[in-house]
file entry17.cif (mmCIF, C-alpha atoms)
data_protein
#
loop_
_atom_site.label_atom_id
_atom_site.label_comp_id
_atom_site.auth_asym_id
_atom_site.auth_seq_id
_atom_site.Cartn_x
_atom_site.Cartn_y
_atom_site.Cartn_z
CA MET W 244 9.42 32.73 -0.82
CA MET W 245 7.51 30.31 1.37
CA SER W 246 5.32 33.08 2.84
CA ASP W 247 3.84 33.50 -0.65
CA TRP W 248 3.18 29.79 -1.12
CA PRO W 249 -0.32 28.54 -0.24
CA LEU W 250 -0.71 26.09 2.65
CA VAL W 251 -2.22 22.80 1.45
CA THR W 252 -2.88 19.35 2.90
CA LEU W 253 -2.20 15.97 1.34
CA LYS W 254 -5.96 15.62 0.94
CA ASP W 255 -6.01 18.83 -1.14
CA ILE W 256 -3.44 17.64 -3.67
CA THR W 257 -4.41 13.97 -4.06
CA SER W 258 -7.30 12.30 -5.86
CA VAL W 259 -7.37 9.35 -3.46
CA LEU W 260 -5.59 8.40 -0.23
CA GLY W 261 -6.04 5.00 1.40
CA ASP W 262 -4.31 1.88 2.67
CA GLY W 263 -4.17 -1.80 1.81
CA LEU W 264 -5.80 -5.02 2.92
CA HIS W 265 -6.66 -5.31 6.62
CA GLY W 266 -6.16 -9.03 6.75
CA THR W 267 -4.17 -11.79 5.11
CA PRO W 268 -4.61 -12.84 1.48
CA GLU W 269 -4.31 -16.41 0.29
CA TYR W 270 -0.65 -16.84 -0.57
CA ASP W 271 0.58 -18.74 -3.61
CA GLU W 272 4.29 -19.49 -4.01
CA GLU W 273 3.80 -19.61 -7.78
CA GLY W 274 1.77 -16.39 -7.88
CA GLU W 275 2.82 -13.53 -10.14
CA TYR W 276 1.80 -10.78 -7.70
CA HIS W 277 3.56 -9.69 -4.51
CA PHE W 278 1.87 -8.68 -1.26
CA ILE W 279 3.56 -5.48 -0.08
CA ASN W 280 3.67 -3.92 3.38
CA GLY W 281 5.43 -0.90 4.83
CA ASN W 282 8.68 -2.80 5.38
CA ASN W 283 8.93 -3.27 1.59
CA LEU W 284 9.31 0.49 1.11
CA LYS W 285 12.89 1.76 1.21
CA ASP W 286 14.88 4.65 -0.24
CA GLY W 287 12.11 5.68 -2.61
CA LYS W 288 11.63 2.18 -4.04
CA ILE W 289 9.43 -0.88 -3.55
CA VAL W 290 11.79 -3.64 -2.40
CA ILE W 291 10.79 -7.16 -3.46
CA ASN W 292 12.95 -10.11 -2.45
CA GLU W 293 12.73 -13.87 -1.96
CA LYS W 294 10.92 -13.39 1.37
CA THR W 295 8.14 -11.26 -0.11
CA LYS W 296 4.87 -13.18 -0.15
CA ARG W 297 3.27 -14.04 -3.49
CA ALA W 298 -0.36 -14.36 -4.50
CA SER W 299 -2.44 -15.24 -7.54
CA LEU W 300 -4.14 -13.00 -10.09
CA GLU W 301 -7.45 -13.83 -8.40
CA GLN W 302 -6.21 -12.48 -5.05
CA TYR W 303 -4.77 -9.41 -6.76
CA GLU W 304 -8.08 -8.66 -8.50
CA LYS W 305 -9.91 -9.11 -5.21
CA HIS W 306 -7.72 -6.79 -3.13
CA LYS W 307 -6.09 -4.38 -5.60
CA LYS W 308 -6.12 -0.60 -5.15
CA PRO W 309 -6.13 2.08 -7.88
CA LEU W 310 -2.35 2.46 -8.17
CA ASN W 311 -1.02 4.33 -11.20
CA ASP W 312 1.85 6.51 -12.40
CA ARG W 313 0.81 9.23 -9.90
CA THR W 314 1.03 6.91 -6.87
CA LEU W 315 3.29 7.39 -3.86
CA LEU W 316 3.48 4.98 -0.92
CA VAL W 317 4.26 5.63 2.76
CA SER W 318 4.61 3.07 5.57
CA ILE W 319 2.15 3.85 8.39
CA ASN W 320 2.22 0.85 10.72
CA GLY W 321 5.17 -0.61 12.62
CA THR W 322 7.92 0.99 10.60
CA ILE W 323 6.56 4.45 9.83
CA GLY W 324 7.66 7.07 7.32
CA ASN W 325 9.34 4.95 4.65
CA VAL W 326 8.53 6.28 1.19
CA ALA W 327 8.39 4.70 -2.27
CA GLU W 328 7.26 5.58 -5.76
CA TYR W 329 5.02 3.11 -7.58
CA ASN W 330 6.45 2.16 -10.98
CA GLY W 331 4.02 -0.45 -12.27
CA GLU W 332 5.19 -3.33 -10.09
CA ARG W 333 2.82 -6.33 -9.88
CA ILE W 334 1.76 -5.74 -6.28
CA PHE W 335 -1.15 -5.25 -3.95
CA LEU W 336 -0.95 -3.65 -0.53
CA GLY W 337 -1.27 -4.59 3.11
CA LYS W 338 -2.61 -2.26 5.79
CA SER W 339 0.81 -0.88 6.75
CA ALA W 340 1.23 0.72 3.31
CA CYS W 341 -0.62 3.97 2.65
CA TYR W 342 -1.04 4.98 -0.99
CA PHE W 343 -2.08 8.28 -2.51
CA ASN W 344 -2.35 9.51 -6.09
CA VAL W 345 -1.01 13.02 -6.64
CA ASN W 346 -3.12 15.39 -8.73
CA GLU W 347 -1.96 16.07 -12.29
CA ASP W 348 -1.38 19.78 -11.59
CA VAL W 349 1.19 19.01 -8.87
CA ASP W 350 4.73 17.64 -9.36
CA LYS W 351 4.58 14.10 -7.96
CA HIS W 352 8.32 14.05 -7.29
CA PHE W 353 8.11 17.29 -5.31
CA VAL W 354 5.48 15.67 -3.09
CA LYS W 355 7.70 12.60 -2.73
CA TYR W 356 10.45 14.83 -1.35
CA VAL W 357 7.98 16.57 0.96
CA VAL W 358 6.98 13.24 2.54
CA SER W 359 10.66 12.24 2.68
CA SER W 360 11.53 15.36 4.66
CA PRO W 361 12.40 15.57 8.39
CA VAL W 362 9.31 17.74 8.93
CA PHE W 363 6.99 14.98 7.70
CA LYS W 364 8.89 12.29 9.65
CA SER W 365 8.64 14.42 12.80
CA TYR W 366 4.91 14.89 12.21
CA LEU W 367 4.39 11.11 12.01
CA ASP W 368 6.58 10.37 15.05
CA ARG W 369 4.83 13.02 17.13
CA LEU W 370 1.26 12.00 16.35
CA ALA W 371 1.52 8.24 15.78
CA SER W 372 -0.49 6.11 18.20
CA GLY W 373 0.64 2.90 19.90
CA SER W 374 3.39 2.41 22.48
CA THR W 375 4.91 -0.77 21.01
CA ILE W 376 3.78 -0.82 17.38
CA LYS W 377 3.42 2.70 16.01
CA ASN W 378 0.42 3.45 13.80
CA VAL W 379 -0.50 6.49 11.72
CA SER W 380 -4.15 6.94 10.78
CA LEU W 381 -5.29 7.88 7.29
CA LYS W 382 -6.87 10.97 8.87
CA LEU W 383 -3.45 12.14 10.04
CA MET W 384 -2.03 11.48 6.59
CA ARG W 385 -4.75 13.53 4.91
CA GLU W 386 -4.30 16.41 7.37
CA PHE W 387 -0.55 16.83 6.94
CA SER W 388 -0.02 20.38 5.68
CA PHE W 389 2.84 22.05 3.82
CA HIS W 390 3.49 25.08 1.63
CA LEU W 391 3.10 24.38 -2.09
CA PRO W 392 5.17 26.57 -4.45
CA PRO W 393 4.16 27.29 -8.06
CA LEU W 394 4.53 24.31 -10.39
CA GLU W 395 7.63 25.75 -12.07
CA ILE W 396 9.43 25.94 -8.71
CA GLN W 397 8.18 22.47 -7.76
CA ASN W 398 9.74 21.13 -10.95
CA SER W 399 13.05 22.89 -10.32
CA ILE W 400 13.27 21.63 -6.75
CA SER W 401 12.47 18.05 -7.70
CA ASP W 402 14.98 18.20 -10.60
CA ILE W 403 17.79 19.22 -8.22
CA LEU W 404 16.96 16.56 -5.66
CA LYS W 405 16.40 13.90 -8.33
CA SER W 406 19.80 14.72 -9.84
CA LEU W 407 21.37 14.02 -6.45
CA ASP W 408 19.39 10.80 -6.07
CA ASP W 409 20.55 9.62 -9.51
CA LYS W 410 24.20 10.27 -8.63
CA ILE W 411 23.77 8.47 -5.31
CA SER W 412 22.19 5.52 -7.10
CA ASN W 413 24.96 5.38 -9.73
CA ASN W 414 27.67 5.37 -7.07
CA THR W 415 25.85 2.74 -5.02
CA VAL W 416 25.42 0.47 -8.04
CA MET W 417 29.07 0.91 -9.03
CA ASP W 418 30.17 0.11 -5.46
CA ALA W 419 28.13 -3.10 -5.47
CA THR W 420 29.40 -4.06 -8.94
CA LEU W 421 33.06 -3.59 -8.02
CA GLU W 422 32.57 -5.51 -4.79
CA LYS W 423 31.01 -8.42 -6.68
CA ILE W 424 33.88 -8.46 -9.18
CA ALA W 425 36.42 -8.60 -6.35
CA GLN W 426 34.47 -11.36 -4.59
CA ARG W 427 34.21 -13.38 -7.81
CA ILE W 428 37.95 -13.20 -8.49
CA PHE W 429 38.77 -13.98 -4.86
CA LYS W 430 36.50 -17.04 -4.90
CA SER W 431 38.08 -18.24 -8.14
CA TRP W 432 41.62 -17.90 -6.79
CA PHE W 433 41.35 -18.88 -3.13
CA VAL W 434 38.20 -20.99 -2.80
CA ASP W 435 37.67 -22.79 -6.11
CA PHE W 436 41.40 -22.76 -7.03
CA ASP W 437 40.61 -22.31 -10.74
CA PRO W 438 44.14 -21.21 -11.77
CA VAL W 439 45.58 -24.30 -10.03
CA LYS W 440 43.14 -26.54 -11.92
CA ALA W 441 44.18 -24.86 -15.18
CA ASN W 442 47.86 -25.43 -14.35
CA ALA W 443 47.18 -29.08 -13.52
CA GLU W 444 45.56 -29.48 -16.94
CA GLY W 445 48.32 -27.50 -18.65
CA VAL W 446 45.96 -24.92 -20.14
CA PRO W 447 45.87 -21.11 -19.92
CA PHE W 448 43.44 -19.63 -17.42
CA ASP W 449 41.16 -17.13 -19.14
CA GLY W 450 41.65 -13.56 -17.93
CA LEU W 451 44.92 -14.24 -16.09
CA SER W 452 48.36 -13.28 -17.39
CA PRO W 453 50.87 -16.14 -17.78
CA GLU W 454 53.10 -14.35 -15.24
CA ILE W 455 50.44 -14.48 -12.52
CA GLN W 456 49.19 -17.96 -13.49
CA ALA W 457 52.73 -19.27 -13.03
CA LEU W 458 52.61 -18.22 -9.36
CA PHE W 459 49.91 -20.81 -8.68
CA PRO W 460 50.84 -24.48 -8.04
CA ASN W 461 49.93 -27.20 -10.53
CA GLU W 462 49.15 -29.86 -7.92
CA PHE W 463 46.80 -30.40 -4.99
CA GLU W 464 47.29 -32.04 -1.60
CA GLU W 465 45.00 -33.20 1.18
CA SER W 466 44.15 -30.95 4.14
CA GLU W 467 41.55 -30.71 6.90
CA LEU W 468 39.40 -28.81 4.39
CA GLY W 469 39.86 -31.37 1.64
CA VAL W 470 42.20 -30.85 -1.29
CA ILE W 471 44.01 -27.50 -1.47
CA PRO W 472 46.86 -26.24 -3.68
CA LYS W 473 50.16 -27.94 -2.84
CA GLY W 474 52.23 -25.92 -0.38
CA TRP W 475 49.34 -23.72 0.73
CA GLU W 476 48.26 -23.65 4.38
CA VAL W 477 44.98 -23.88 6.27
CA LYS W 478 44.74 -21.26 9.01
CA SER W 479 42.06 -19.79 11.24
CA LEU W 480 40.63 -16.32 10.74
CA ASP W 481 42.20 -15.16 13.99
CA GLU W 482 45.59 -16.37 12.75
CA ILE W 483 45.59 -14.08 9.73
CA ALA W 484 44.08 -11.02 11.44
CA HIS W 485 43.64 -9.38 14.83
CA PHE W 486 40.06 -8.75 16.00
CA LEU W 487 40.00 -5.83 18.45
CA ASN W 488 36.74 -5.56 20.41
CA GLY W 489 35.57 -2.03 21.17
CA LEU W 490 35.18 -0.19 24.46
CA ALA W 491 32.23 0.25 26.79
CA CYS W 492 32.21 3.88 25.68
CA GLN W 493 29.82 5.03 28.42
CA LYS W 494 32.83 4.65 30.74
CA HIS W 495 34.88 7.03 28.59
CA ARG W 496 32.81 10.20 28.52
CA PRO W 497 34.49 13.38 27.23
CA LYS W 498 36.18 15.43 29.91
CA GLU W 499 35.57 19.14 30.29
CA GLY W 500 37.48 21.07 27.66
CA GLU W 501 38.03 18.05 25.41
CA ALA W 502 36.86 17.98 21.81
CA PRO W 503 34.84 14.74 21.85
CA LEU W 504 34.93 11.99 19.25
CA PRO W 505 31.73 10.28 18.03
CA VAL W 506 31.10 6.70 19.12
CA ILE W 507 30.81 4.09 16.36
CA LYS W 508 28.09 1.50 16.97
CA ILE W 509 26.12 -0.73 14.60
CA ALA W 510 23.78 2.17 13.73
CA GLU W 511 26.77 4.26 12.64
CA MET W 512 28.15 1.36 10.59
CA ARG W 513 24.89 1.39 8.66
CA ALA W 514 24.23 5.10 8.26
CA GLY W 515 27.23 7.09 9.49
CA TYR W 516 27.11 9.64 12.26
CA GLN W 517 23.67 10.87 13.30
CA GLU W 518 22.16 13.40 15.70
CA LYS W 519 21.75 10.64 18.30
CA THR W 520 25.34 9.43 18.00
CA ASN W 521 27.04 9.28 21.41
CA GLU W 522 30.38 10.91 22.17
CA ALA W 523 33.54 9.68 23.90
CA SER W 524 36.82 11.09 25.11
CA PRO W 525 39.57 11.45 22.48
CA SER W 526 42.10 10.36 25.13
CA VAL W 527 41.15 6.66 24.89
CA ASP W 528 43.88 4.22 23.88
CA PRO W 529 44.69 5.12 20.22
CA LYS W 530 44.12 1.53 19.11
CA TYR W 531 40.37 2.10 19.68
CA ILE W 532 40.28 5.09 17.33
CA VAL W 533 38.70 4.23 13.97
CA ASN W 534 39.81 6.08 10.85
CA ASP W 535 38.61 6.04 7.25
CA GLY W 536 39.52 2.80 5.50
CA ASP W 537 39.48 0.67 8.65
CA PHE W 538 37.63 -2.63 8.31
CA LEU W 539 34.88 -3.11 10.93
CA PHE W 540 32.90 -6.22 11.82
CA SER W 541 29.87 -6.16 14.15
CA TRP W 542 29.81 -9.51 15.93
CA SER W 543 26.66 -9.07 18.04
CA GLY W 544 23.07 -8.17 17.15
CA SER W 545 23.09 -7.41 13.43
CA LEU W 546 26.23 -9.04 12.05
CA THR W 547 27.68 -6.99 9.21
CA THR W 548 30.96 -5.57 7.91
CA CYS W 549 32.10 -2.32 6.34
CA PHE W 550 35.09 -0.23 5.40
CA TRP W 551 34.67 2.87 7.55
CA SER W 552 34.32 6.19 5.67
CA HIS W 553 32.83 8.80 8.02
CA GLY W 554 35.86 10.27 9.76
CA PRO W 555 37.54 9.53 13.12
CA GLY W 556 35.52 7.89 15.89
CA VAL W 557 35.79 5.59 18.90
CA LEU W 558 35.11 1.86 18.50
CA ASN W 559 32.23 0.70 20.70
CA GLN W 560 31.90 -2.75 22.23
CA HIS W 561 30.23 -5.42 20.06
CA LEU W 562 32.32 -4.24 17.10
CA PHE W 563 35.68 -5.56 15.97
CA LYS W 564 38.30 -3.43 14.26
CA VAL W 565 40.09 -5.98 12.09
CA THR W 566 43.78 -5.50 11.29
CA SER W 567 46.78 -7.58 10.30
CA GLU W 568 50.54 -7.16 10.33
CA ASP W 569 51.06 -10.05 7.92
CA TYR W 570 48.32 -9.85 5.28
CA PRO W 571 46.78 -7.01 3.24
CA LYS W 572 43.36 -5.62 4.03
CA TRP W 573 41.73 -7.10 0.93
CA PHE W 574 42.84 -10.61 1.91
CA TYR W 575 41.52 -10.73 5.47
CA SER W 576 38.40 -8.66 4.73
CA MET W 577 37.44 -11.04 1.92
CA TRP W 578 37.86 -14.03 4.21
CA VAL W 579 35.74 -12.44 6.94
CA ASN W 580 33.01 -11.78 4.39
CA ARG W 581 33.30 -15.36 3.08
CA HIS W 582 32.43 -16.58 6.60
CA LEU W 583 29.82 -13.90 7.36
CA ALA W 584 26.78 -15.99 6.36
CA GLU W 585 27.94 -18.79 8.68
CA PHE W 586 28.50 -16.31 11.52
CA ILE W 587 24.99 -14.93 11.00
CA ARG W 588 23.59 -18.46 11.20
CA ILE W 589 25.50 -19.14 14.43
CA ALA W 590 24.23 -15.89 15.96
CA ALA W 591 20.64 -16.65 14.91
CA ASP W 592 20.82 -20.00 16.71
CA LYS W 593 21.66 -18.33 20.02
CA ALA W 594 18.76 -18.61 22.48
CA THR W 595 19.26 -15.03 23.60
CA THR W 596 17.73 -11.67 22.79
CA MET W 597 20.90 -10.58 21.01
CA GLY W 598 22.56 -13.22 18.86
CA HIS W 599 26.34 -13.10 18.65
CA ILE W 600 29.44 -15.07 17.90
CA LYS W 601 32.36 -15.84 20.21
CA ARG W 602 36.10 -15.74 19.63
CA GLU W 603 36.08 -19.51 19.38
CA HIS W 604 34.06 -19.16 16.18
CA LEU W 605 36.86 -17.05 14.69
CA SER W 606 39.24 -19.89 15.50
CA GLN W 607 36.90 -22.44 13.93
CA ALA W 608 36.54 -20.40 10.71
CA LYS W 609 39.22 -21.70 8.36
CA VAL W 610 40.96 -19.97 5.48
CA VAL W 611 43.45 -21.07 2.84
CA VAL W 612 46.69 -19.09 2.61
CA PRO W 613 49.12 -19.18 -0.36
CA ASN W 614 52.76 -19.93 0.37
CA LEU W 615 54.09 -17.19 -1.92
CA GLU W 616 54.36 -13.54 -0.86
CA GLU W 617 54.68 -12.71 -4.55
CA LEU W 618 51.16 -14.03 -5.21
CA ILE W 619 49.77 -11.88 -2.39
CA SER W 620 51.71 -8.95 -3.84
CA LYS W 621 50.17 -9.51 -7.28
CA GLY W 622 46.80 -9.73 -5.55
CA ASN W 623 47.44 -6.24 -4.18
CA ASP W 624 47.61 -4.95 -7.76
CA ILE W 625 44.22 -6.48 -8.59
CA PHE W 626 42.14 -6.43 -5.42
CA GLY W 627 43.57 -3.22 -3.97
CA PRO W 628 42.30 -0.90 -6.75
CA LEU W 629 38.92 -2.70 -6.88
CA ILE W 630 38.33 -2.22 -3.16
CA GLU W 631 39.72 1.32 -3.23
CA ARG W 632 37.42 2.31 -6.10
CA SER W 633 34.47 0.56 -4.44
CA ASN W 634 35.09 2.44 -1.19
CA LEU W 635 35.44 5.72 -3.10
CA CYS W 636 32.05 5.18 -4.77
CA LEU W 637 30.49 4.43 -1.39
CA THR W 638 32.09 7.51 0.18
CA GLN W 639 30.88 9.71 -2.68
CA ALA W 640 27.37 8.28 -2.33
CA LYS W 641 27.36 9.04 1.40
CA THR W 642 28.66 12.57 0.79
CA LEU W 643 25.91 13.19 -1.75
CA MET W 644 23.33 11.82 0.68
CA LYS W 645 24.43 14.40 3.24
CA VAL W 646 24.15 17.17 0.63
CA ARG W 647 20.68 15.95 -0.36
CA ASP W 648 19.50 15.64 3.24
CA LYS W 649 20.76 19.16 3.94
CA LEU W 650 19.18 20.68 0.83
CA LEU W 651 15.85 18.84 0.95
CA PRO W 652 14.19 20.59 3.94
CA ARG W 653 15.62 23.99 2.96
CA LEU W 654 14.42 23.73 -0.63
CA ILE W 655 10.87 22.58 0.07
CA SER W 656 10.49 25.23 2.79
CA GLY W 657 11.78 28.04 0.58
CA LYS W 658 14.72 28.79 2.91
CA ILE W 659 17.20 28.47 0.06
CA THR W 660 16.86 29.66 -3.53
CA ILE W 661 17.01 27.39 -6.54
CA GLN W 662 20.13 29.24 -7.72
CA LYS W 663 21.93 28.74 -4.40
CA ALA W 664 20.98 25.05 -4.34
CA GLU W 665 22.35 24.61 -7.87
CA GLU W 666 25.63 26.23 -6.79
CA LEU W 667 25.90 23.83 -3.83
CA LEU W 668 25.10 20.91 -6.12
CA GLU W 669 27.85 21.99 -8.51
CA GLU W 670 30.35 22.13 -5.62
CA ALA W 671 29.32 18.65 -4.44
CA SER W 672 29.80 17.23 -7.92
#
call {"tool": "encode", "arguments": {"input": "entry17.cif", "output": "structure tokens"}}
result
Amino acid sequence: MMSDWPLVTLKDITSVLGDGLHGTPEYDEEGEYHFINGNNLKDGKIVINEKTKRASLEQYEKHKKPLNDRTLLVSINGTIGNVAEYNGERIFLGKSACYFNVNEDVDKHFVKYVVSSPVFKSYLDRLASGSTIKNVSLKLMREFSFHLPPLEIQNSISDILKSLDDKISNNTVMDATLEKIAQRIFKSWFVDFDPVKANAEGVPFDGLSPEIQALFPNEFEESELGVIPKGWEVKSLDEIAHFLNGLACQKHRPKEGEAPLPVIKIAEMRAGYQEKTNEASPSVDPKYIVNDGDFLFSWSGSLTTCFWSHGPGVLNQHLFKVTSEDYPKWFYSMWVNRHLAEFIRIAADKATTMGHIKREHLSQAKVVVPNLEELISKGNDIFGPLIERSNLCLTQAKTLMKVRDKLLPRLISGKITIQKAEELLEEAS
């Protein structure tokens, strides 16, 4: 048990612990190396995207640190406590990324889970300096202490947690893949009108049965959006769906004796219910109750969408619950997502602290609607299962995250045995 495990510090179990460049390198858009800071560390990985600054080999050689296959990274300035494993990426570090190389006689992955734990995050939050921009010193990093079990137990703990991480990753990748497939088919049918073009040319459309292809027109006609399939209509987003804005939930506190419902805000859309999630009365108008499978759209602040999957809650203001009596969920959710980039641009142009869109923008966002219910019905057979399976993968990933987050602190503190953790893992699978 933990009482038998020696107390060690990060300094004790690492060969080196430091941070990156205190300054700005010379950037090079054609450079092969990326300049990484703490905000590039997420979910155990180094995240490199089109916004990540590049630099030349010369700059890399000038500012590189001794990163290797024993290296872990933690964000220590601004955003603190994000963790990543170094896997040979062509990078060099800025000052907000702390790196340390774990000794060979210690399981690196076990240490990664230690610094991913709530205990470590609490340690950083409690001792970080700075009122506006939080900062954690290298001294504090070196002094963080924890109980280190024998190597065999370290390996077993990291194997259990890594197994969960792998399952989470697989479900997340599958969710994204299915979503992309659905988006690609939707774009082909309702934006690019590929089956209509094939009909106009008198040729089969690859991947589409003759029965479904026959439901598409073989001619185009002019519209306010340009040419569209003959007989189809141009409508506004708010004509095909109802956008219900949430409540000012602080005015609907739970009454004494009521079993409260959690409040769904943007933070909950991103990560589900949390310890800081507010509560509201369950006696609010039922239309404001969100259930699993409902499609949500945050229209203020960070504009995003999701199919809800965390159990009943109350819709907060600045979020829309999107529904329709006339069209299936896949149809209107796809159209909202087609316009999301434009909505984000509109919100970013607002000269306010919190960018947002207005209802008029929903009216200005146009969609193309087929004139055949049978085509929509056939779409249900294709898009429905794709979205259902995608949502299932996402729900499973979130469930596994909860299991991992519950097991992690108990395993590394010795409060739960390896055998018990394996039993819980088997149940979750």
call {"tool": "resolve_selection", "arguments": {"input": "entry17.cif", "expression": "the PyMOL selection byres ((chain W and resi 312) around 9)", "output": "mmCIF file with C-alpha atoms, in the coordinates of the input"}}
result
data_model
loop_
_atom_site.group_PDB
_atom_site.id
_atom_site.type_symbol
_atom_site.label_atom_id
_atom_site.label_comp_id
_atom_site.auth_asym_id
_atom_site.auth_seq_id
_atom_site.Cartn_x
_atom_site.Cartn_y
_atom_site.Cartn_z
ATOM 1 C CA LEU W 310 -2.350 2.460 -8.170
ATOM 2 C CA ASN W 311 -1.020 4.330 -11.200
ATOM 3 C CA ARG W 313 0.810 9.230 -9.900
ATOM 4 C CA THR W 314 1.030 6.910 -6.870
ATOM 5 C CA LEU W 315 3.290 7.390 -3.860
ATOM 6 C CA GLU W 328 7.260 5.580 -5.760
ATOM 7 C CA TYR W 329 5.020 3.110 -7.580
ATOM 8 C CA ASN W 330 6.450 2.160 -10.980
ATOM 9 C CA GLY W 331 4.020 -0.450 -12.270
ATOM 10 C CA ASN W 344 -2.350 9.510 -6.090
#
call {"tool": "atom_distance", "arguments": {"input": "entry17.cif", "atom1": "CA of Thr252 (chain W)", "atom2": "CA of Pro393 (chain W)"}}
result
15.3 Å
call {"tool": "residues_around", "arguments": {"input": "entry17.cif", "residues": "Tyr276 (chain W)", "least_positions_apart": "2", "cutoff": "10 Å", "atoms": "only C-alpha atoms", "output": "list of chain:residue names"}}
result
W:Tyr270, W:Asp271, W:Glu272, W:Glu273, W:Gly274, W:Phe278, W:Ile279, W:Thr295, W:Lys296, W:Arg297, W:Ala298, W:Ser299, W:Leu300, W:Glu301, W:Gln302, W:Tyr303, W:Glu332, W:Arg333, W:Ile334, W:Phe335
call {"tool": "closest_residue", "arguments": {"input": "entry17.cif", "among": "W:Lys338, W:Lys530, W:Lys519, W:Lys641", "to": "Ser552 (chain W)", "atoms": "only C-alpha atoms"}}
result
W:Lys641
call {"tool": "atom_distance", "arguments": {"input": "entry17.cif", "atom1": "CA of Ile289 (chain W)", "atom2": "CA of Leu383 (chain W)"}}
result
22.8 Å
call {"tool": "build_atoms", "arguments": {"input": "entry17.cif", "residues": "region 328-339 of chain W", "atoms": "N, CA and C atoms", "output": "PDB file, keeping the file's coordinate frame"}}
result
ATOM      1  N   GLU W 328       8.006   5.190  -4.570  1.00  0.00           N
ATOM      2  CA  GLU W 328       7.260   5.580  -5.760  1.00  0.00           C
ATOM      3  C   GLU W 328       6.793   4.313  -6.459  1.00  0.00           C
ATOM      4  N   TYR W 329       5.537   4.280  -6.865  1.00  0.00           N
ATOM      5  CA  TYR W 329       5.020   3.110  -7.580  1.00  0.00           C
ATOM      6  C   TYR W 329       5.390   3.216  -9.052  1.00  0.00           C
ATOM      7  N   ASN W 330       6.001   2.159  -9.582  1.00  0.00           N
ATOM      8  CA  ASN W 330       6.450   2.160 -10.980  1.00  0.00           C
ATOM      9  C   ASN W 330       5.903   0.960 -11.752  1.00  0.00           C
ATOM     10  N   GLY W 331       4.660   0.612 -11.503  1.00  0.00           N
ATOM     11  CA  GLY W 331       4.020  -0.450 -12.270  1.00  0.00           C
ATOM     12  C   GLY W 331       4.313  -1.850 -11.800  1.00  0.00           C
ATOM     13  N   GLU W 332       4.906  -1.995 -10.602  1.00  0.00           N
ATOM     14  CA  GLU W 332       5.190  -3.330 -10.090  1.00  0.00           C
ATOM     15  C   GLU W 332       3.895  -4.128  -9.906  1.00  0.00           C
ATOM     16  N   ARG W 333       3.990  -5.459 -10.060  1.00  0.00           N
ATOM     17  CA  ARG W 333       2.820  -6.330  -9.880  1.00  0.00           C
ATOM     18  C   ARG W 333       2.617  -6.580  -8.381  1.00  0.00           C
ATOM     19  N   ILE W 334       1.905  -5.679  -7.731  1.00  0.00           N
ATOM     20  CA  ILE W 334       1.760  -5.740  -6.280  1.00  0.00           C
ATOM     21  C   ILE W 334       0.328  -5.422  -5.865  1.00  0.00           C
ATOM     22  N   PHE W 335      -0.010  -5.841  -4.653  1.00  0.00           N
ATOM     23  CA  PHE W 335      -1.150  -5.250  -3.950  1.00  0.00           C
ATOM     24  C   PHE W 335      -0.730  -5.062  -2.502  1.00  0.00           C
ATOM     25  N   LEU W 336      -1.450  -4.214  -1.786  1.00  0.00           N
ATOM     26  CA  LEU W 336      -0.950  -3.650  -0.530  1.00  0.00           C
ATOM     27  C   LEU W 336      -1.578  -4.255   0.708  1.00  0.00           C
ATOM     28  N   GLY W 337      -0.779  -4.287   1.783  1.00  0.00           N
ATOM     29  CA  GLY W 337      -1.270  -4.590   3.110  1.00  0.00           C
ATOM     30  C   GLY W 337      -1.593  -3.303   3.850  1.00  0.00           C
ATOM     31  N   LYS W 338      -2.111  -3.428   5.060  1.00  0.00           N
ATOM     32  CA  LYS W 338      -2.610  -2.260   5.790  1.00  0.00           C
ATOM     33  C   LYS W 338      -1.505  -1.296   6.224  1.00  0.00           C
ATOM     34  N   SER W 339      -0.255  -1.768   6.277  1.00  0.00           N
ATOM     35  CA  SER W 339       0.810  -0.880   6.750  1.00  0.00           C
ATOM     36  C   SER W 339       1.378  -0.005   5.633  1.00  0.00           C
TER      37      SER W 339
END
